[in-house]
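**Q** Sharing work-v4.cif below, mmCIF, C-alpha atoms and all ligand atoms:
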```cif
data_protein
#
loop_
_atom_site.label_atom_id
_atom_site.label_comp_id
_atom_site.auth_asym_id
_atom_site.auth_seq_id
_atom_site.Cartn_x
_atom_site.Cartn_y
_atom_site.Cartn_z
CA MET A 1 -5.41 -0.94 -11.76
CA ILE A 2 -2.58 -0.75 -9.27
CA ILE A 3 -1.35 -4.13 -8.05
CA ALA A 4 0.98 -3.65 -5.11
CA GLY A 5 2.90 -6.20 -3.05
CA ASN A 6 4.09 -5.48 0.48
CA PHE A 7 6.81 -7.92 1.54
CA LYS A 8 6.82 -6.58 5.14
CA ALA A 9 9.77 -8.22 6.97
CA ASN A 10 10.00 -11.11 4.50
CA HIS A 11 12.55 -11.88 1.79
CA THR A 12 16.28 -11.25 1.77
CA ARG A 13 18.30 -9.13 -0.60
CA ALA A 14 19.15 -12.23 -2.66
CA SER A 15 15.62 -13.64 -2.77
CA THR A 16 14.15 -10.22 -3.62
CA ALA A 17 16.48 -9.91 -6.62
CA GLU A 18 15.45 -13.37 -7.85
CA TYR A 19 11.78 -12.62 -7.26
CA LEU A 20 11.89 -9.29 -9.10
CA SER A 21 13.62 -10.74 -12.09
CA ALA A 22 11.05 -13.57 -12.31
CA LEU A 23 8.06 -11.26 -11.82
CA ASP A 24 9.40 -8.66 -14.24
CA SER A 25 9.61 -11.19 -17.08
CA LEU A 26 6.21 -12.70 -16.29
CA SER A 27 4.70 -9.23 -16.23
CA ASP A 28 5.54 -8.48 -19.86
CA GLN A 29 1.95 -9.58 -20.48
CA LYS A 30 0.39 -7.22 -17.99
CA LYS A 31 -2.16 -4.70 -19.18
CA GLU A 32 -0.45 -1.52 -20.34
CA GLU A 33 -2.41 0.68 -17.93
CA ASP A 34 -1.85 -1.54 -14.90
CA SER A 35 1.00 -0.66 -12.57
CA ILE A 36 2.85 -3.08 -10.37
CA VAL A 37 4.59 -1.84 -7.24
CA ILE A 38 6.65 -3.94 -4.84
CA PHE A 39 7.63 -2.80 -1.34
CA PRO A 40 10.63 -4.96 -0.35
CA PRO A 41 12.47 -4.67 2.97
CA PHE A 42 15.03 -1.85 3.20
CA THR A 43 18.02 -4.20 2.93
CA ALA A 44 16.78 -5.26 -0.50
CA LEU A 45 16.43 -1.75 -1.96
CA ASP A 46 18.64 -1.33 -5.00
CA ASN A 47 18.73 0.23 -8.46
CA TYR A 48 16.98 -2.68 -10.14
CA ASN A 49 16.69 -2.57 -13.87
CA LEU A 50 13.00 -3.47 -14.23
CA LYS A 51 10.65 -2.90 -17.14
CA ASN A 52 7.32 -3.54 -15.47
CA ILE A 53 7.72 -3.05 -11.74
CA LYS A 54 8.15 0.01 -9.57
CA ILE A 55 9.88 -0.30 -6.20
CA GLY A 56 8.70 1.52 -3.10
CA ALA A 57 9.78 1.87 0.53
CA GLN A 58 7.69 0.40 3.36
CA ASN A 59 8.51 3.32 5.61
CA GLY A 60 10.71 6.38 5.93
CA TYR A 61 11.68 8.90 8.58
CA PRO A 62 10.61 12.47 7.78
CA ALA A 63 14.09 13.99 7.45
CA GLU A 64 16.78 14.35 4.80
CA LYS A 65 19.25 12.50 7.07
CA GLY A 66 20.38 12.72 10.69
CA SER A 67 20.45 11.17 14.15
CA TYR A 68 17.47 8.83 13.97
CA THR A 69 18.88 5.46 14.97
CA GLY A 70 17.33 2.59 13.12
CA GLU A 71 15.43 4.75 10.67
CA ILE A 72 15.87 5.38 6.94
CA CYS A 73 15.80 8.95 5.66
CA LEU A 74 15.29 10.57 2.30
CA GLU A 75 18.95 10.65 1.31
CA ALA A 76 19.25 6.87 1.66
CA LEU A 77 16.05 6.26 -0.31
CA SER A 78 17.11 8.66 -3.05
CA GLU A 79 20.28 6.66 -3.65
CA PHE A 80 18.01 4.03 -5.19
CA ASP A 81 15.66 6.50 -6.88
CA ILE A 82 12.85 5.52 -4.55
CA ASP A 83 9.94 7.94 -4.92
CA THR A 84 7.12 5.77 -3.59
CA ILE A 85 6.33 5.07 0.05
CA LEU A 86 3.78 3.33 2.27
CA ILE A 87 2.54 5.51 5.12
CA GLY A 88 0.09 4.61 7.89
CA HIS A 89 0.16 0.83 7.49
CA SER A 90 -1.82 -0.77 10.30
CA GLU A 91 1.19 -2.76 11.50
CA ARG A 92 3.03 0.51 12.06
CA ARG A 93 -0.01 2.11 13.67
CA HIS A 94 -0.76 -0.85 15.96
CA ILE A 95 2.42 -2.85 16.55
CA LEU A 96 4.83 0.10 16.46
CA LYS A 97 2.31 2.51 17.97
CA GLU A 98 2.87 5.25 15.43
CA PRO A 99 0.53 8.08 16.39
CA GLN A 100 -1.52 10.01 13.86
CA ASP A 101 0.42 13.27 14.37
CA PHE A 102 3.70 11.52 13.50
CA ILE A 103 2.06 9.87 10.50
CA VAL A 104 0.89 13.32 9.39
CA ARG A 105 4.47 14.62 9.70
CA LYS A 106 5.71 11.78 7.51
CA TYR A 107 2.95 12.43 5.01
CA GLU A 108 3.79 16.13 4.80
CA PHE A 109 7.51 15.47 4.44
CA PHE A 110 7.21 12.91 1.67
CA LYS A 111 4.54 14.96 -0.05
CA ARG A 112 6.92 17.93 -0.05
CA ASN A 113 9.41 15.64 -1.76
CA ASN A 114 6.86 14.63 -4.39
CA PHE A 115 6.66 10.99 -3.39
CA ASN A 116 3.87 8.71 -4.51
CA ILE A 117 2.24 8.03 -1.18
CA PHE A 118 0.28 4.86 -0.52
CA TYR A 119 -1.65 5.94 2.55
CA CYS A 120 -3.28 3.12 4.50
CA VAL A 121 -6.49 3.39 6.49
CA GLY A 122 -8.70 0.74 8.06
CA GLU A 123 -10.66 -0.15 11.14
CA PRO A 124 -10.20 -2.84 13.81
CA ILE A 125 -12.88 -5.51 14.28
CA GLU A 126 -14.65 -3.84 17.23
CA ILE A 127 -15.29 -0.78 15.08
CA ARG A 128 -16.45 -2.83 12.11
CA GLN A 129 -18.98 -4.57 14.35
CA LYS A 130 -20.58 -1.22 15.13
CA GLY A 131 -21.42 -0.63 11.46
CA ILE A 132 -20.48 1.61 8.57
CA GLU A 133 -20.95 4.90 10.39
CA SER A 134 -18.37 3.95 13.03
CA VAL A 135 -16.05 2.63 10.33
CA MET A 136 -16.17 5.93 8.47
CA ASN A 137 -15.73 7.97 11.67
CA TYR A 138 -12.63 5.91 12.37
CA ILE A 139 -11.30 6.36 8.84
CA ASP A 140 -12.05 10.09 8.94
CA LYS A 141 -9.77 10.35 11.98
CA GLN A 142 -7.03 8.60 10.01
CA LEU A 143 -7.54 11.13 7.23
CA GLU A 144 -7.38 14.07 9.63
CA ASN A 145 -4.75 16.61 8.55
CA ILE A 146 -3.89 14.46 5.54
CA ASP A 147 -4.00 16.49 2.34
CA VAL A 148 -6.28 14.19 0.35
CA GLY A 149 -6.06 16.54 -2.62
CA TYR A 150 -2.39 15.60 -3.10
CA GLN A 151 -2.03 14.43 -6.69
CA ASN A 152 0.37 11.56 -5.98
CA LEU A 153 -1.78 9.98 -3.30
CA VAL A 154 -3.13 6.43 -3.42
CA ILE A 155 -5.41 5.32 -0.57
CA ALA A 156 -5.28 1.71 0.59
CA TYR A 157 -8.31 0.60 2.56
CA GLU A 158 -7.14 -2.27 4.71
CA PRO A 159 -9.47 -3.45 7.47
CA VAL A 160 -7.17 -4.47 10.33
CA TRP A 161 -9.15 -7.66 10.98
CA ALA A 162 -8.56 -8.80 7.39
CA ILE A 163 -4.80 -8.33 7.31
CA GLY A 164 -2.88 -11.59 7.38
CA THR A 165 -5.88 -13.41 8.85
CA GLY A 166 -7.31 -15.12 5.76
CA LEU A 167 -10.54 -13.16 6.38
CA THR A 168 -11.40 -10.92 3.47
CA ALA A 169 -14.06 -8.25 3.61
CA SER A 170 -17.05 -9.17 1.44
CA VAL A 171 -17.38 -7.43 -1.90
CA GLU A 172 -20.44 -5.60 -0.48
CA ASP A 173 -18.43 -4.33 2.51
CA ILE A 174 -15.54 -3.29 0.29
CA GLU A 175 -17.83 -1.42 -2.09
CA GLU A 176 -19.64 0.30 0.76
CA VAL A 177 -16.46 1.60 2.36
CA HIS A 178 -14.75 2.46 -0.93
CA LYS A 179 -17.82 4.37 -2.06
CA ALA A 180 -17.74 6.40 1.15
CA ILE A 181 -13.99 7.02 0.75
CA ARG A 182 -14.60 7.99 -2.88
CA GLU A 183 -16.88 10.77 -1.59
CA ARG A 184 -13.86 12.13 0.28
CA VAL A 185 -11.01 11.63 -2.21
CA GLU A 186 -10.48 11.57 -5.95
CA THR A 187 -7.31 9.46 -5.88
CA PRO A 188 -7.15 5.70 -6.57
CA ILE A 189 -8.45 3.49 -3.75
CA LEU A 190 -6.90 0.05 -3.25
CA TYR A 191 -8.26 -2.75 -1.12
CA GLY A 192 -5.93 -4.77 1.09
CA GLY A 193 -6.45 -7.63 3.52
CA SER A 194 -5.97 -11.30 2.63
CA VAL A 195 -6.18 -10.72 -1.10
CA ASN A 196 -5.04 -13.82 -2.98
CA ALA A 197 -5.18 -15.46 -6.39
CA SER A 198 -8.66 -16.89 -5.71
CA ASN A 199 -10.45 -13.75 -4.54
CA ALA A 200 -8.54 -11.12 -6.56
CA ALA A 201 -10.79 -11.17 -9.64
CA ASP A 202 -13.96 -10.52 -7.61
CA ILE A 203 -12.31 -7.75 -5.62
CA LEU A 204 -10.74 -6.11 -8.66
CA ASN A 205 -14.06 -6.21 -10.49
CA SER A 206 -15.91 -4.49 -7.64
CA SER A 207 -17.07 -0.92 -7.93
CA PHE A 208 -14.86 1.83 -6.51
CA VAL A 209 -11.80 -0.50 -6.40
CA ASP A 210 -8.75 0.74 -8.28
CA GLY A 211 -6.36 -2.03 -7.27
CA VAL A 212 -5.09 -4.16 -4.42
CA LEU A 213 -2.34 -4.07 -1.81
CA VAL A 214 -1.21 -7.62 -1.12
CA GLY A 215 0.91 -8.97 1.73
CA GLY A 216 1.17 -12.75 2.15
CA ALA A 217 0.07 -13.63 -1.37
CA SER A 218 2.69 -11.36 -2.90
CA LEU A 219 5.64 -13.31 -1.54
CA VAL A 220 5.89 -15.89 -4.33
CA ALA A 221 6.31 -14.30 -7.77
CA GLU A 222 4.18 -16.88 -9.61
CA GLU A 223 1.34 -16.51 -7.08
CA PHE A 224 1.43 -12.74 -7.19
CA TYR A 225 1.44 -12.88 -10.97
CA LYS A 226 -1.91 -14.70 -10.80
CA ILE A 227 -3.34 -11.57 -9.17
CA ILE A 228 -1.84 -9.43 -11.92
CA LYS A 229 -3.41 -11.80 -14.45
CA ALA A 230 -6.77 -11.51 -12.69
CA SER A 231 -6.60 -7.76 -13.27
CA ALA A 232 -5.73 -8.18 -16.93
CA ASN A 233 -8.25 -11.01 -17.44
CA ILE A 234 -5.45 -13.21 -18.77
CA SER A 235 -6.16 -16.90 -18.31
P1 LIG B 301 -2.19 -9.55 3.72
O1 LIG B 301 -1.53 -8.12 4.05
O2 LIG B 301 -2.44 -9.58 2.23
O3 LIG B 301 -1.16 -10.56 4.14
O4 LIG B 301 -3.44 -9.64 4.49
C1 LIG B 301 -1.99 -6.96 3.41
C2 LIG B 301 -1.23 -5.76 3.91
O5 LIG B 301 -0.91 -5.70 5.10
O6 LIG B 301 -0.93 -4.84 3.13
#
```
Show this structure as structure tokens.

**A**
Amino acid sequence: MIIAGNFKANHTRASTAEYLSALDSLSDQKKEEDSIVIFPPFTALDNYNLKNIKIGAQNGYPAEKGSYTGEICLEALSEFDIDTILIGHSERRHILKEPQDFIVRKYEFFKRNNFNIFYCVGEPIEIRQKGIESVMNYIDKQLENIDVGYQNLVIAYEPVWAIGTGLTASVEDIEEVHKAIRERVETPILYGGSVNASNAADILNSSFVDGVLVGGASLVAEEFYKIIKASANIS
């Protein structure tokens, strides 16, 4: 399983360092084959000395470096040995209005640089209400021109209506969509959207689920560790 935490614009440099040190020691008990990835804010990227946790970037501009005010490029990420990135998160698609062709450019750039790419897809509520066929048409558009055969790709299925809302998709809905995505890709498929310590075990035990991408419930190390424990069946 892949258990990933997306801090979004939460945590400072100091609190991230404290968090990572706490979570890293707790995670000594994690299952060998499970991987833990944390996406802290850019200001908290560093060369952390961690045994059990990998650090990724929440975003990146598709260039080595250059005149892209407010963006972070490859050179800056490489300083901290970052080789993992989130692309296509719904907050970037919807709040920051990132269009699919720009997302594809990012994907291509970071793929060329051998990054592990966590590529997010997911439908808004009005699409979900129309049923599975509309959901998959929507997701297919988000997969358009994305090389789904890329070996370092992880897909995160995150229904927009479930992100940060406390509404989680039902296990049946998750399995239905993941099964349909599985017909399109061979890479791991994570579920994201209001995953927490209480619902993690059910979600992680569902078919076609290879892990979770967690926002709100990843912010406190001890809480996030409960999700890691749910994956490892540690009580
Ligand atoms: P959430 O966020 O767990 O707070 O719903 C998930 C995400 O956006 O990755």

**Q** What residues have any atom no more than 9 Å from ligand LIG 301 (chain B) when counting all atoms listed in the file, and can you list them as a tab-separated table (two decimals) with C-alpha atoms, in the frame of the given file?

**A**
```tsv
chain	number	residue	atom	x	y	z
A	4	ALA	CA	0.98	-3.65	-5.11
A	5	GLY	CA	2.90	-6.20	-3.05
A	6	ASN	CA	4.09	-5.48	0.48
A	7	PHE	CA	6.81	-7.92	1.54
A	8	LYS	CA	6.82	-6.58	5.14
A	89	HIS	CA	0.16	0.83	7.49
A	90	SER	CA	-1.82	-0.77	10.30
A	91	GLU	CA	1.19	-2.76	11.50
A	120	CYS	CA	-3.28	3.12	4.50
A	156	ALA	CA	-5.28	1.71	0.59
A	158	GLU	CA	-7.14	-2.27	4.71
A	160	VAL	CA	-7.17	-4.47	10.33
A	161	TRP	CA	-9.15	-7.66	10.98
A	162	ALA	CA	-8.56	-8.80	7.39
A	163	ILE	CA	-4.80	-8.33	7.31
A	164	GLY	CA	-2.88	-11.59	7.38
A	165	THR	CA	-5.88	-13.41	8.85
A	166	GLY	CA	-7.31	-15.12	5.76
A	167	LEU	CA	-10.54	-13.16	6.38
A	168	THR	CA	-11.40	-10.92	3.47
A	191	TYR	CA	-8.26	-2.75	-1.12
A	192	GLY	CA	-5.93	-4.77	1.09
A	193	GLY	CA	-6.45	-7.63	3.52
A	194	SER	CA	-5.97	-11.30	2.63
A	195	VAL	CA	-6.18	-10.72	-1.10
A	196	ASN	CA	-5.04	-13.82	-2.98
A	212	VAL	CA	-5.09	-4.16	-4.42
A	213	LEU	CA	-2.34	-4.07	-1.81
A	214	VAL	CA	-1.21	-7.62	-1.12
A	215	GLY	CA	0.91	-8.97	1.73
A	216	GLY	CA	1.17	-12.75	2.15
A	217	ALA	CA	0.07	-13.63	-1.37
A	218	SER	CA	2.69	-11.36	-2.90
```

**Q** Env of Glu32 (chain A): 12 Å cut, atoms = only C-alpha atoms, seq-sep filter 2 positions within chain, self excluded. Answer as a PDB file with C-alpha atoms, in the coordinates of the input.

**A**
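As a result, result14.pdb now contains:
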```
ATOM      1  CA  MET A   1      -5.410  -0.940 -11.760  1.00  0.00           C
ATOM      2  CA  ILE A   2      -2.580  -0.750  -9.270  1.00  0.00           C
ATOM      3  CA  SER A  27       4.700  -9.230 -16.230  1.00  0.00           C
ATOM      4  CA  ASP A  28       5.540  -8.480 -19.860  1.00  0.00           C
ATOM      5  CA  GLN A  29       1.950  -9.580 -20.480  1.00  0.00           C
ATOM      6  CA  LYS A  30       0.390  -7.220 -17.990  1.00  0.00           C
ATOM      7  CA  ASP A  34      -1.850  -1.540 -14.900  1.00  0.00           C
ATOM      8  CA  SER A  35       1.000  -0.660 -12.570  1.00  0.00           C
ATOM      9  CA  ILE A  36       2.850  -3.080 -10.370  1.00  0.00           C
ATOM     10  CA  LYS A  51      10.650  -2.900 -17.140  1.00  0.00           C
ATOM     11  CA  ASN A  52       7.320  -3.540 -15.470  1.00  0.00           C
ATOM     12  CA  ILE A  53       7.720  -3.050 -11.740  1.00  0.00           C
ATOM     13  CA  ILE A 228      -1.840  -9.430 -11.920  1.00  0.00           C
ATOM     14  CA  SER A 231      -6.600  -7.760 -13.270  1.00  0.00           C
ATOM     15  CA  ALA A 232      -5.730  -8.180 -16.930  1.00  0.00           C
TER      16      ALA A 232
END
```

**Q** In Å to one decimal, how far is CA of Leu204 (chain A) from CA of Gly60 (chain A)?

**A** 28.8 Å

**Q** How many Å lie between CA of Ser207 (chain A) and CA of Pro188 (chain A), rounded to one decimal?

**A**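 Distance reported for this atom pair: 12.0 Å.
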
**Q** Let me know the centre plus edge lengths, in Å and rounded to one decimal, of a box with edges along x, y and z that contains all listed atoms of region 177-190 of chain A and is padded by 4 Å on every side, as AutoDock Vina command-line options.

**A**
```
--center_x -12.4 --center_y 6.1 --center_z -2.1 --size_x 18.9 --size_y 20.1 --size_z 16.9
```

**Q** Enumerate, as a PDB file with C-alpha atoms, in the coordinates of the input, the protein, DNA and RNA residues whose atoms approach (-3.8, -9.8, -8.3) to within 6 Å, taking into account all atoms listed in the file and the coordinate frame of the file.

**A**
```
ATOM      1  CA  ALA A 200      -8.540 -11.120  -6.560  1.00  0.00           C
ATOM      2  CA  LYS A 226      -1.910 -14.700 -10.800  1.00  0.00           C
ATOM      3  CA  ILE A 227      -3.340 -11.570  -9.170  1.00  0.00           C
ATOM      4  CA  ILE A 228      -1.840  -9.430 -11.920  1.00  0.00           C
ATOM      5  CA  ALA A 230      -6.770 -11.510 -12.690  1.00  0.00           C
TER       6      ALA A 230
END
```

**Q** As an exercise, work out the distance from CA of Glu33 (chain A) to CA of Lys111 (chain A) in Å and give it to one decimal place.

**A** 23.9 Å

**Q** Counting all atoms listed in the file, which residues sit no farther than 12 Å from the position (17.7, -12.1, -4.9) in the file's frame? I'd like them as a PyMOL selection string.

**A** chain A and resi 11-23+40+43-46+48+221

**Q** Can you tell me which residues surround Leu153 (chain A) at a distance of at most 7 Å, considering only C-alpha atoms, apart from same-chain residues fewer than 5 positions away, and format the answer as a PyMOL selection string?

**A** chain A and resi 116-118+187

**Q** Here is a test: counting all atoms listed in the file, which residue of A:Gly211, A:Pro159, A:Pro99, A:Pro41 is nearest to Arg128 (chain A)?

**A**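 Distance minimum relative to Arg128 (chain A) lands on A:Pro159.
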
**Q** For Gly88 (chain A), which residue out of A:Gly56, A:Gly131, A:Pro62, A:Gly122 is the nearest one, using all atoms listed in the file?

**A**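 Closest to Gly88 (chain A), using all atoms listed in the file: A:Gly122.
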
**Q** Just the residues within 7 Å of region 169-174 of chain A, please, counting all atoms listed in the file, with nothing from its chain fewer than 4 positions along; format it as JSON, numbers by chain.

**A** {"A": [162, 178, 203, 206]}

**Q** Limited to C-alpha atoms, could you put the picked residues into a file as an mmCIF file, keeping the file's coordinate frame?

**A**
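Produced file again18.cif, reproduced below:
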```cif
data_model
loop_
_atom_site.group_PDB
_atom_site.id
_atom_site.type_symbol
_atom_site.label_atom_id
_atom_site.label_comp_id
_atom_site.auth_asym_id
_atom_site.auth_seq_id
_atom_site.Cartn_x
_atom_site.Cartn_y
_atom_site.Cartn_z
ATOM 1 C CA ALA A 162 -8.560 -8.800 7.390
ATOM 2 C CA HIS A 178 -14.750 2.460 -0.930
ATOM 3 C CA ILE A 203 -12.310 -7.750 -5.620
ATOM 4 C CA SER A 206 -15.910 -4.490 -7.640
#
```

**Q** Which one is closest to Asp81 (chain A): A:Val220, A:Ala201, A:Ala57, A:Ile139? Count only C-alpha atoms.

**A** A:Ala57

**Q** Counting all atoms listed in the file, which residue out of A:Ala197, A:Ala76, A:Val209, A:Ile127 sits closest to Lys179 (chain A)?

**A** A:Val209

**Q** Just checking: using all atoms listed in the file, which residue out of A:Asn233, A:Lys54, A:Asp147, A:Ile189 ends up closest to Ile82 (chain A)?

**A**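 With all atoms listed in the file as the atom set, the closest residue is A:Lys54.
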
**Q** Let me make sure I understand: among A:Lys31, A:Arg105, A:Lys65, A:Arg92, which one has the smallest atom-to-atom distance to Glu144 (chain A) if we use only C-alpha atoms?

**A**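 That would be A:Arg105, the residue with the smallest distance to Glu144 (chain A).
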